[in-house]
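Below: query.cif (mmCIF, C-alpha atoms)
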```cif
data_start
loop_
_atom_site.label_atom_id
_atom_site.label_comp_id
_atom_site.auth_asym_id
_atom_site.auth_seq_id
_atom_site.Cartn_x
_atom_site.Cartn_y
_atom_site.Cartn_z
CA MET E 1 6.54 9.09 15.74
CA LYS E 2 8.11 7.46 18.76
CA THR E 3 7.73 9.34 21.99
CA GLU E 4 11.50 9.40 22.50
CA ASP E 5 11.89 11.14 19.13
CA LEU E 6 9.25 13.68 20.04
CA ILE E 7 11.17 14.48 23.23
CA ALA E 8 14.36 15.09 21.29
CA ARG E 9 12.53 17.38 18.86
CA LEU E 10 10.81 19.38 21.56
CA ALA E 11 14.13 19.90 23.31
CA ALA E 12 15.37 21.39 20.03
CA ASP E 13 12.64 24.04 19.98
CA PRO E 14 14.46 26.80 21.77
CA VAL E 15 11.92 29.62 21.60
CA PRO E 16 12.24 31.13 25.08
CA ARG E 17 9.32 30.83 27.39
CA GLY E 18 7.12 33.89 27.72
CA ALA E 19 6.19 35.84 30.81
CA GLU E 20 4.24 34.12 33.54
CA PRO E 21 0.45 34.52 33.25
CA ARG E 22 0.22 36.46 36.52
CA THR E 23 2.67 39.06 35.21
CA LEU E 24 0.77 39.27 31.92
CA PHE E 25 -2.46 39.78 33.84
CA THR E 26 -0.94 42.69 35.75
CA LEU E 27 0.30 44.28 32.54
CA ALA E 28 -3.08 43.76 30.87
CA ALA E 29 -4.88 45.26 33.86
CA ILE E 30 -2.67 48.35 33.83
CA GLY E 31 -3.12 48.71 30.05
CA ALA E 32 -6.89 48.25 30.38
CA LEU E 33 -7.06 50.87 33.11
CA GLY E 34 -5.18 53.32 30.87
CA VAL E 35 -7.41 52.69 27.87
CA VAL E 36 -10.66 52.97 29.83
CA ALA E 37 -9.48 56.13 31.64
CA ALA E 38 -8.47 57.74 28.33
CA LEU E 39 -11.79 56.87 26.66
CA PHE E 40 -13.80 57.99 29.68
CA PHE E 41 -12.12 61.33 30.23
CA GLY E 42 -11.79 61.95 26.49
CA LEU E 43 -15.37 61.16 25.49
CA ILE E 44 -17.61 61.10 28.56
CA GLY E 45 -16.17 62.68 31.70
CA PRO E 46 -17.53 62.72 35.25
CA ARG E 47 -20.86 64.34 36.03
CA ALA E 48 -20.90 68.11 36.70
CA ASP E 49 -21.64 67.79 40.43
CA PHE E 50 -19.06 65.04 41.01
CA LEU E 51 -17.57 66.62 44.15
CA GLN E 52 -20.92 67.24 45.82
CA ALA E 53 -22.03 63.72 44.88
CA LEU E 54 -19.02 62.30 46.73
CA GLN E 55 -20.66 63.49 49.95
CA THR E 56 -23.58 61.06 49.53
CA TRP E 57 -23.33 57.41 50.51
CA ARG E 58 -25.37 56.20 47.53
CA PHE E 59 -22.87 57.67 45.07
CA ASP E 60 -19.84 56.33 46.92
CA TYR E 61 -21.41 52.93 47.38
CA LYS E 62 -21.52 52.46 43.58
CA PHE E 63 -17.72 52.50 43.54
CA LEU E 64 -17.54 50.10 46.44
CA VAL E 65 -19.63 47.60 44.47
CA THR E 66 -17.89 48.02 41.11
CA LEU E 67 -14.39 47.94 42.61
CA ALA E 68 -15.31 44.89 44.69
CA LEU E 69 -16.49 43.25 41.47
CA ALA E 70 -13.26 44.02 39.59
CA ALA E 71 -11.09 42.87 42.51
CA SER E 72 -12.99 39.68 43.29
CA ALA E 73 -13.25 38.68 39.63
CA SER E 74 -9.47 39.23 39.31
CA ALA E 75 -8.94 36.95 42.30
CA VAL E 76 -10.95 34.29 40.45
CA LEU E 77 -9.32 34.85 37.07
CA VAL E 78 -5.64 34.71 38.05
CA PRO E 79 -5.66 31.16 39.51
CA LEU E 80 -7.66 30.02 36.49
CA LEU E 81 -4.66 30.84 34.26
CA TYR E 82 -2.68 27.91 35.70
CA PRO E 83 -3.47 24.27 34.89
CA GLU E 84 -3.16 22.93 38.43
CA SER E 85 -4.88 25.64 40.44
CA ARG E 86 -8.45 25.85 41.59
CA ALA E 87 -10.38 29.07 41.77
CA ASN E 88 -12.77 29.94 44.54
CA LEU E 89 -15.82 30.81 42.46
CA ARG E 90 -17.75 31.89 45.57
CA LEU E 91 -15.70 35.09 45.54
CA LEU E 92 -17.95 36.17 42.67
CA LEU E 93 -20.81 36.50 45.18
CA ILE E 94 -19.12 39.38 47.06
CA ALA E 95 -20.19 42.22 44.75
CA PRO E 96 -23.80 40.99 44.34
CA GLY E 97 -23.93 40.56 48.13
CA LEU E 98 -22.80 44.15 48.75
CA LEU E 99 -25.34 45.36 46.23
CA ALA E 100 -28.15 43.33 47.81
CA LEU E 101 -27.30 44.85 51.18
CA ALA E 102 -27.64 48.38 49.77
CA VAL E 103 -30.94 47.44 48.14
CA VAL E 104 -32.29 46.29 51.50
CA ILE E 105 -31.23 49.57 53.12
CA GLU E 106 -32.78 51.56 50.28
CA LEU E 107 -36.06 49.67 50.47
CA ALA E 108 -36.15 50.14 54.25
CA THR E 109 -35.48 53.87 54.16
CA GLN E 110 -37.37 54.99 51.05
CA PRO E 111 -41.16 55.03 50.66
CA ALA E 112 -42.60 52.41 48.34
CA SER E 113 -44.00 55.12 46.09
CA VAL E 114 -40.52 56.08 44.76
CA TRP E 115 -39.12 52.55 44.34
CA ALA E 116 -40.22 52.08 40.76
CA MET E 117 -38.99 55.51 39.71
CA SER E 118 -35.59 54.94 41.35
CA ALA E 119 -35.18 51.56 39.73
CA VAL E 120 -36.00 52.74 36.21
CA GLY E 121 -33.99 55.95 36.55
CA LYS E 122 -33.05 58.19 33.65
CA ASN E 123 -29.86 56.62 32.35
CA MET E 124 -30.58 53.02 31.54
CA ILE E 125 -29.70 53.36 27.86
CA LYS E 126 -26.42 55.07 28.71
CA CYS E 127 -25.64 52.44 31.33
CA LEU E 128 -26.37 49.59 28.94
CA THR E 129 -24.23 51.04 26.15
CA ILE E 130 -21.35 52.84 27.86
CA VAL E 131 -20.42 50.06 30.28
CA PRO E 132 -20.15 47.32 27.60
CA ALA E 133 -18.43 49.73 25.20
CA LEU E 134 -15.80 50.76 27.76
CA GLY E 135 -15.32 47.14 28.81
CA ILE E 136 -14.62 45.67 25.38
CA VAL E 137 -10.94 46.59 25.18
CA PRO E 138 -10.17 45.36 28.72
CA LEU E 139 -11.98 42.13 27.90
CA LEU E 140 -9.87 41.70 24.79
CA PHE E 141 -6.68 42.18 26.83
CA MET E 142 -7.84 39.65 29.43
CA LEU E 143 -8.73 37.12 26.74
CA LEU E 144 -5.21 37.39 25.33
CA VAL E 145 -3.87 36.65 28.80
CA ILE E 146 -6.16 33.59 29.01
CA ARG E 147 -4.83 32.42 25.67
CA ARG E 148 -1.24 32.58 26.92
CA GLY E 149 -2.18 30.75 30.10
CA ALA E 150 -3.34 27.15 30.40
CA SER E 151 -6.72 27.36 32.04
CA PRO E 152 -8.34 24.23 33.41
CA ARG E 153 -11.70 25.97 32.95
CA PRO E 154 -11.48 28.45 30.08
CA GLY E 155 -15.21 29.24 30.11
CA TRP E 156 -15.10 30.34 33.74
CA ALA E 157 -11.85 32.20 33.12
CA GLY E 158 -13.55 34.08 30.27
CA PHE E 159 -16.57 34.82 32.44
CA ALA E 160 -14.30 36.20 35.20
CA ALA E 161 -12.46 38.24 32.55
CA GLY E 162 -15.81 39.74 31.51
CA LEU E 163 -16.59 40.64 35.11
CA VAL E 164 -13.16 42.22 35.65
CA SER E 165 -13.72 44.31 32.51
CA GLY E 166 -17.29 45.11 33.51
CA GLY E 167 -16.23 46.15 37.01
CA LEU E 168 -13.55 48.41 35.62
CA ALA E 169 -15.87 49.98 33.03
CA ALA E 170 -18.69 50.39 35.55
CA THR E 171 -16.36 52.12 38.01
CA PHE E 172 -15.73 54.86 35.47
CA TYR E 173 -19.29 54.98 34.23
CA ALA E 174 -20.56 55.36 37.82
CA ALA E 175 -18.71 58.68 38.04
CA ASN E 176 -20.80 59.96 35.14
CA CYS E 177 -24.19 58.45 35.94
CA THR E 178 -26.62 60.58 37.96
CA ASP E 179 -28.73 57.62 39.06
CA ASP E 180 -27.32 56.69 42.44
CA SER E 181 -30.11 54.65 43.92
CA PRO E 182 -29.05 51.07 44.70
CA LEU E 183 -32.32 50.09 43.04
CA PHE E 184 -31.09 51.54 39.75
CA VAL E 185 -27.62 50.03 40.18
CA ALA E 186 -29.06 46.62 41.00
CA THR E 187 -31.39 46.73 38.00
CA TRP E 188 -29.13 47.89 35.18
CA TYR E 189 -25.48 47.47 36.12
CA PRO E 190 -25.74 43.67 36.33
CA VAL E 191 -27.32 43.55 32.87
CA ALA E 192 -24.46 45.60 31.41
CA VAL E 193 -21.79 43.61 33.29
CA LEU E 194 -23.32 40.25 32.40
CA MET E 195 -23.24 41.17 28.70
CA LEU E 196 -19.46 41.34 29.06
CA GLY E 197 -19.47 38.23 31.27
CA GLY E 198 -21.44 36.23 28.71
CA LEU E 199 -19.25 37.42 25.86
CA GLY E 200 -16.16 36.58 27.90
CA ALA E 201 -17.41 33.09 28.74
CA ALA E 202 -18.22 32.30 25.11
CA ALA E 203 -14.94 33.74 23.82
CA GLY E 204 -12.94 32.14 26.63
CA LYS E 205 -14.14 28.67 25.68
CA VAL E 206 -12.82 29.15 22.16
CA ILE E 207 -9.70 31.22 22.76
CA GLY E 208 -8.76 29.36 25.95
CA ARG E 209 -8.53 25.95 24.26
CA TRP E 210 -5.17 24.27 24.56
CA MET G 1 11.00 6.54 41.91
CA ALA G 2 8.97 7.87 44.82
CA ALA G 3 6.83 10.90 44.17
CA THR G 4 8.90 13.23 46.37
CA ASP G 5 12.14 12.24 44.64
CA LEU G 6 10.52 12.60 41.25
CA GLU G 7 9.18 16.00 42.25
CA GLU G 8 12.62 17.22 43.20
CA THR G 9 14.32 15.69 40.16
CA MET G 10 11.82 17.15 37.72
CA ALA G 11 11.83 20.59 39.35
CA ASN G 12 15.63 20.73 39.21
CA LEU G 13 15.72 19.57 35.60
CA MET G 14 13.13 22.15 34.59
CA ARG G 15 15.04 24.92 36.35
CA ALA G 16 18.16 23.92 34.43
CA ALA G 17 16.11 23.72 31.24
CA LEU G 18 14.74 27.21 31.72
CA ALA G 19 18.30 28.41 32.11
CA GLY G 20 18.98 27.01 28.62
CA ASP G 21 20.12 23.44 29.25
CA GLU G 22 18.65 21.43 26.38
CA SER G 23 19.69 18.01 27.63
CA ALA G 24 18.21 18.74 31.07
CA TYR G 25 15.00 19.61 29.28
CA ALA G 26 15.00 16.32 27.37
CA ASP G 27 15.58 14.50 30.69
CA PHE G 28 12.74 16.44 32.26
CA LEU G 29 10.44 15.35 29.43
CA ARG G 30 11.60 11.73 29.80
CA HIS G 31 10.73 11.66 33.51
CA GLY G 32 7.46 13.37 32.70
CA THR G 33 6.69 10.83 29.99
CA VAL G 34 7.02 7.95 32.45
CA ALA G 35 4.77 9.71 34.98
CA ALA G 36 2.16 10.71 32.40
CA ARG G 37 2.14 7.26 30.80
CA ARG G 38 1.59 5.64 34.17
CA VAL G 39 -1.45 7.77 35.02
CA ILE G 40 -2.93 7.75 31.53
CA THR G 41 -2.59 4.00 30.97
CA TYR G 42 -4.04 3.25 34.39
CA ARG G 43 -6.97 5.58 33.88
CA LEU G 44 -7.83 4.46 30.37
CA GLY G 45 -7.80 0.76 31.20
CA ARG G 46 -7.26 -2.04 28.68
CA ALA G 47 -10.20 -1.82 26.30
CA SER G 48 -10.15 1.91 25.61
CA PRO G 49 -10.43 3.16 22.02
CA VAL G 50 -8.13 6.02 23.04
CA ALA G 51 -4.48 5.09 22.54
CA PRO G 52 -2.57 5.99 25.72
CA GLU G 53 0.61 6.89 23.86
CA ASP G 54 -1.29 9.46 21.75
CA VAL G 55 -2.37 11.19 24.93
CA VAL G 56 1.18 10.97 26.31
CA GLN G 57 2.51 12.72 23.19
CA GLU G 58 -0.20 15.38 23.28
CA THR G 59 0.68 15.97 26.92
CA LEU G 60 4.37 16.47 26.09
CA LEU G 61 3.49 18.93 23.37
CA ALA G 62 1.18 20.89 25.70
CA VAL G 63 3.76 20.87 28.50
CA HIS G 64 6.29 22.23 26.06
CA LEU G 65 4.03 25.00 24.75
CA LYS G 66 2.75 25.95 28.21
CA ARG G 67 5.99 25.69 30.16
CA HIS G 68 5.75 29.37 31.12
CA THR G 69 2.70 28.48 33.27
CA TRP G 70 4.85 26.64 35.80
CA ARG G 71 5.61 28.89 38.75
CA GLN G 72 9.03 28.03 40.11
CA SER G 73 7.72 28.50 43.64
CA GLU G 74 5.12 25.76 43.12
CA PRO G 75 5.61 21.98 42.96
CA ILE G 76 6.05 20.76 39.39
CA LEU G 77 4.45 17.30 39.54
CA PRO G 78 0.88 18.54 40.19
CA TRP G 79 1.37 21.06 37.39
CA PHE G 80 2.60 18.39 35.00
CA LEU G 81 -0.09 15.87 35.91
CA SER G 82 -2.84 18.49 35.58
CA ILE G 83 -1.77 19.01 31.99
CA ALA G 84 -1.85 15.25 31.43
CA ARG G 85 -5.33 15.11 32.94
CA HIS G 86 -6.51 18.00 30.75
CA LYS G 87 -5.26 16.20 27.64
CA LEU G 88 -6.74 12.90 28.78
CA VAL G 89 -10.19 14.39 29.35
CA ASP G 90 -9.92 16.17 26.01
CA ALA G 91 -8.97 12.98 24.14
CA CYS G 92 -11.79 11.02 25.75
CA ARG G 93 -14.31 13.74 24.94
CA ARG G 94 -13.23 13.60 21.31
CA GLN G 95 -13.71 9.84 21.19
CA ARG G 96 -16.94 10.14 23.19
CA VAL G 97 -15.52 7.91 25.87
CA ARG G 98 -16.87 8.40 29.37
CA ILE G 99 -14.14 8.74 31.92
CA SER G 100 -13.93 9.89 35.48
CA VAL G 101 -10.66 11.50 36.36
CA PRO G 102 -10.24 12.38 40.02
CA ILE G 103 -9.28 15.95 40.84
CA ASP G 104 -6.23 14.97 42.88
CA ASP G 105 -3.64 14.12 40.24
CA LEU G 106 -0.95 13.27 42.73
CA ALA G 107 -3.07 10.66 44.54
CA GLU G 108 -3.90 9.24 41.14
CA PHE G 109 -0.25 9.07 40.26
CA LEU G 110 0.63 7.25 43.48
CA ALA G 111 -2.16 4.74 42.92
CA ALA G 112 -1.16 3.90 39.35
CA PRO G 113 1.16 0.96 38.65
CA ASP G 114 4.14 1.45 36.35
CA ALA G 115 3.42 1.30 32.65
CA THR G 116 5.87 0.60 29.89
CA ASP G 117 6.16 2.14 26.46
CA SER G 118 5.07 -0.27 23.76
CA GLY G 119 7.76 1.41 21.65
CA ALA G 120 5.25 1.62 18.87
CA ASP G 121 5.82 4.12 16.12
CA ASN G 122 2.56 5.92 16.37
CA GLN G 123 0.99 7.92 13.57
CA HIS G 124 -1.00 10.36 15.67
CA ILE G 125 1.27 13.37 15.21
CA GLU G 126 1.97 12.60 11.56
CA ARG G 127 -1.74 12.70 10.83
CA ALA G 128 -2.12 16.03 12.61
CA VAL G 129 0.81 17.50 10.69
CA GLU G 130 -1.12 16.97 7.45
CA GLY G 131 -3.57 19.65 8.57
CA LEU G 132 -0.99 22.43 8.96
CA SER G 133 -0.32 25.22 6.48
CA GLU G 134 2.25 24.35 3.84
CA ALA G 135 5.17 26.30 5.30
CA GLN G 136 4.54 25.01 8.81
CA ARG G 137 4.07 21.48 7.52
CA LYS G 138 7.41 21.52 5.75
CA VAL G 139 9.27 22.82 8.78
CA VAL G 140 7.52 20.61 11.34
CA ARG G 141 7.92 17.55 9.12
CA SER G 142 11.59 18.26 8.56
CA ILE G 143 12.43 18.78 12.24
CA ALA G 144 9.91 16.73 14.18
CA ILE G 145 9.51 13.75 11.86
CA GLU G 146 12.59 13.53 9.69
CA GLY G 147 14.77 14.61 12.57
CA ARG G 148 16.82 17.34 10.91
CA THR G 149 18.26 20.14 13.01
CA ILE G 150 17.10 23.72 12.69
CA ARG G 151 20.25 24.56 10.72
CA GLU G 152 19.83 21.67 8.27
CA THR G 153 16.18 22.54 7.79
CA ALA G 154 17.03 26.16 7.08
CA ALA G 155 19.54 25.06 4.46
CA ALA G 156 17.21 22.50 2.89
CA LEU G 157 14.26 24.88 2.64
CA ALA G 158 16.37 27.96 1.83
CA MET G 159 15.05 29.84 4.85
CA LYS G 160 16.75 31.86 7.57
CA GLU G 161 17.38 29.98 10.82
CA GLY G 162 15.34 32.48 12.81
CA THR G 163 12.41 32.03 10.43
CA VAL G 164 12.64 28.25 10.78
CA ARG G 165 12.68 28.54 14.56
CA VAL G 166 9.57 30.70 14.61
CA ALA G 167 7.79 28.53 12.02
CA PHE G 168 8.61 25.41 14.03
CA HIS G 169 7.30 26.90 17.23
CA ARG G 170 4.13 28.19 15.56
CA GLY G 171 3.71 24.84 13.85
CA LEU G 172 3.86 23.07 17.22
CA SER G 173 1.24 25.47 18.59
CA ALA G 174 -0.99 24.87 15.60
CA LEU G 175 -0.50 21.13 16.00
CA SER G 176 -1.61 21.29 19.60
CA GLN G 177 -4.68 23.31 18.57
CA ARG G 178 -5.52 20.77 15.89
CA PHE G 179 -5.64 17.89 18.36
CA GLY G 180 -8.58 19.62 19.95
CA ARG G 181 -10.49 19.78 16.68
CA GLN G 182 -10.10 16.25 15.38
CA THR G 183 -13.13 14.06 15.79
#
```
Structure translated into structure tokens:
Amino acid sequence: MKTEDLIARLAADPVPRGAEPRTLFTLAAIGALGVVAALFFGLIGPRADFLQALQTWRFDYKFLVTLALAASASAVLVPLLYPESRANLRLLLIAPGLLALAVVIELATQPASVWAMSAVGKNMIKCLTIVPALGIVPLLFMLLVIRRGASPRPGWAGFAAGLVSGGLAATFYAANCTDDSPLFVATWYPVAVLMLGGLGAAAGKVIGRW
Amino acid sequence: MAATDLEETMANLMRAALAGDESAYADFLRHGTVAARRVITYRLGRASPVAPEDVVQETLLAVHLKRHTWRQSEPILPWFLSIARHKLVDACRRQRVRISVPIDDLAEFLAAPDATDSGADNQHIERAVEGLSEAQRKVVRSIAIEGRTIRETAAALAMKEGTVRVAFHRGLSALSQRFGRQT
């Protein structure tokens, strides 16, 4: 086919353009939040002493880390939906940095004899199952957004999508989990989140092809 | 045409196109073709096993299918040339050709000399059409290759016009996906 003919044919394909990727991301994020909240409050729920726990910095700090993860990964994902934009991948270091800071404080203020116990905790199985399970639907939504976009780096976009989903899921799970030590959070949360990140990266490479 | 003029011309044409002006859209694609051809030909060099015009056509198809990723607040030329670069890298990877494409598409564009269309009737898209599902193949062949309108195609294939439209659009998407899988 001659290029000029192709142009004429493409101009005859009048299917209207869809919503902009940024708008789709916002819709997907709202939908994901709704689904995760419904699953969490329907099946799991916050821990019994939620209100007392809010008085302790270790409990509150978990939300700081997980929300920072969701926000920073979103800030990486959205530019990666457009062919000409560049994402600042260093933003992904914010949440690990915050977590490392809390670990240092914990190690400095707690005796070495309790470190191992705090790190292992009581809820590792729950953490490693509930976080990925809650994050699956958000990840699916984000992957659909990536598919509609035109990412210059679909693998990274998928990875960021996994971290957004993981951050969202972990935020809810943190309200249930009774292990508040930064040592526990730093040991198990990253494993759970990186499961979603790895899945997102692999799926993004396939689904984000264009 | 200087890059700033081209930027303005293409942005205006695309705005008109998004408002439903088909001929503005065809003009937009024509300007884009010249720009994409210039960069792609320059980058591939003379002895490349990748045919520049194939990449130009893949670029047009991708631009068409991804036109909702242009933000009207952003310049259009970097957006357009990024898509061309993406398709160029993709085509070279398929042919196992090493290529270095600089990140700054606009600088690349300014450096490239003008290139002309050989006017060749190239078989790239026809070959890809063979891989589509039967219904999509019929519709895409009828419209994109034989040059019938949507209405004529609907009549010829005894389908509703809306169905033809959707099948054509899906067929173009599938076509674009198939380019990535050919080896």
Quiz item: Which residue, G:Arg15, G:His86, G:Arg127, G:Arg43, has the smallest gap to chain E when you use all atoms listed in the file?
Solution: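 Closest to chain E of all the choices is G:His86.
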Quiz item: Taking only C-alpha atoms into account, which residues of chain E are within 12 Å of chain G, as a PyMOL selection string?
Solution: chain E and resi 1-24+78-86+145-154+206-210
Practice problem: Run the PyMOL selection byres ((chain E and resi 99-109) around 6) against the file shown and list the residues it catches, as a list in words. | Solution: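 Given this file, the PyMOL selection byres ((chain E and resi 99-109) around 6) evaluates to Pro96, Gly97, Leu98, Gln110, Pro182 and Leu183 of chain E.
Within 7 Å of the point (-24.7, 48.7, 43.1) in file coordinates, and counting all atoms listed in the file, lie the residues Tyr61, Lys62, Val65, Leu99, Pro182, Val185 and Ala186 of chain E.
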Given 6 Å on each side, where is the centre and what are the edge lengths in Å to one decimal of the axis-aligned box enclosing the listed atoms of segment 75-91 of chain E, as AutoDock Vina command-line options?
```
--center_x -10.2 --center_y 29.9 --center_z 39.9 --size_x 27.1 --size_y 26.0 --size_z 23.3
```
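For the choices G:Val50, G:Met10, G:Leu157, G:Val34, the atom-to-atom distance to Ile99 of chain G is smallest for G:Val50 when using all atoms listed in the file.
Of note, atom CA of Ile125 of chain E and atom CA of Ala192 of chain E are spaced 10.0 Å apart.
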Quiz item: In Å, how far is it from atom CA of Leu69 of chain E to atom CA of Lys205 of chain E?
Solution: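 For atom CA of Leu69 of chain E relative to atom CA of Lys205 of chain E, the distance reads 21.6 Å.
Put simply, atom CA of Ala112 of chain G is 5.8 Å away from atom CA of Tyr42 of chain G.
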Quiz item: Which polymer residues have any atom within 12 Å of an atom of Phe41 of chain E, counting only C-alpha atoms, with same-chain residues fewer than 5 positions away left out, as a list in words?
Solution: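 Listed by chain and then number, they are Leu33, Gly34, Val35, Val36, Pro46, Arg47, Leu134, Phe172, Tyr173, Ala175 and Asn176 of chain E.
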Residue selection dump (C-alpha atoms) as a CSV table (one decimal), in the coordinates of the input:
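And here's selection10.csv as it stands now:
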```
chain,number,residue,atom,x,y,z
E,33,LEU,CA,-7.1,50.9,33.1
E,34,GLY,CA,-5.2,53.3,30.9
E,35,VAL,CA,-7.4,52.7,27.9
E,36,VAL,CA,-10.7,53.0,29.8
E,46,PRO,CA,-17.5,62.7,35.2
E,47,ARG,CA,-20.9,64.3,36.0
E,134,LEU,CA,-15.8,50.8,27.8
E,172,PHE,CA,-15.7,54.9,35.5
E,173,TYR,CA,-19.3,55.0,34.2
E,175,ALA,CA,-18.7,58.7,38.0
E,176,ASN,CA,-20.8,60.0,35.1
```
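This file, queried with the PyMOL selection byres ((chain E and resi 126) around 12), gives the residues Ile44, Gly121, Lys122, Asn123, Met124, Ile125, Cys127, Leu128, Thr129, Ile130, Val131, Pro132, Ala133, Leu134, Ala170, Tyr173, Ala174, Asn176, Cys177, Thr178, Asp179, Trp188, Tyr189 and Ala192 of chain E.
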Practice problem: Please write the residues picked by the PyMOL selection byres ((chain G and resi 133-137) around 8) on this file as a PyMOL selection string. | Solution: chain G and resi 129-132+138-141+167-168+170-171
Some atoms are absent from segment 136-142 of chain E, so rebuild all heavy atoms and return them as a CSV table (one decimal), in the coordinates of the input.
```csv
chain,number,residue,atom,x,y,z
E,136,ILE,N,-15.0,46.6,26.5
E,136,ILE,CA,-14.6,45.7,25.4
E,136,ILE,C,-13.1,45.5,25.3
E,136,ILE,O,-12.6,44.4,25.2
E,136,ILE,CB,-15.2,46.2,24.0
E,136,ILE,CG1,-16.7,45.7,23.9
E,136,ILE,CG2,-14.4,45.7,22.8
E,136,ILE,CD1,-16.8,44.2,23.7
E,137,VAL,N,-12.4,46.7,25.3
E,137,VAL,CA,-10.9,46.6,25.2
E,137,VAL,C,-10.3,45.8,26.4
E,137,VAL,O,-9.5,44.9,26.2
E,137,VAL,CB,-10.3,48.0,25.0
E,137,VAL,CG1,-8.8,47.9,25.0
E,137,VAL,CG2,-10.8,48.6,23.7
E,138,PRO,N,-10.7,46.2,27.6
E,138,PRO,CA,-10.2,45.4,28.7
E,138,PRO,C,-10.5,43.9,28.5
E,138,PRO,O,-9.6,43.0,28.8
E,138,PRO,CB,-10.9,45.9,29.9
E,138,PRO,CG,-11.3,47.3,29.6
E,138,PRO,CD,-11.5,47.3,28.1
E,139,LEU,N,-11.6,43.5,28.1
E,139,LEU,CA,-12.0,42.1,27.9
E,139,LEU,C,-11.0,41.5,26.9
E,139,LEU,O,-10.6,40.4,27.1
E,139,LEU,CB,-13.4,42.0,27.5
E,139,LEU,CG,-13.9,40.5,27.2
E,139,LEU,CD1,-13.7,39.6,28.4
E,139,LEU,CD2,-15.4,40.5,26.8
E,140,LEU,N,-10.8,42.2,25.8
E,140,LEU,CA,-9.9,41.7,24.8
E,140,LEU,C,-8.5,41.4,25.4
E,140,LEU,O,-7.9,40.4,25.1
E,140,LEU,CB,-9.8,42.7,23.7
E,140,LEU,CG,-9.3,42.2,22.3
E,140,LEU,CD1,-10.3,41.3,21.7
E,140,LEU,CD2,-9.1,43.4,21.4
E,141,PHE,N,-8.0,42.4,26.2
E,141,PHE,CA,-6.7,42.2,26.8
E,141,PHE,C,-6.7,40.9,27.7
E,141,PHE,O,-5.8,40.1,27.7
E,141,PHE,CB,-6.3,43.4,27.7
E,141,PHE,CG,-5.9,44.6,27.0
E,141,PHE,CD1,-6.0,44.7,25.6
E,141,PHE,CD2,-5.5,45.8,27.6
E,141,PHE,CE1,-5.6,45.8,24.9
E,141,PHE,CE2,-5.2,46.9,27.0
E,141,PHE,CZ,-5.2,46.9,25.6
E,142,MET,N,-7.8,40.8,28.5
E,142,MET,CA,-7.8,39.6,29.4
E,142,MET,C,-7.9,38.3,28.7
E,142,MET,O,-7.4,37.3,29.1
E,142,MET,CB,-9.1,39.8,30.3
E,142,MET,CG,-9.1,41.0,31.2
E,142,MET,SD,-7.8,40.9,32.5
E,142,MET,CE,-7.6,42.7,32.7
```
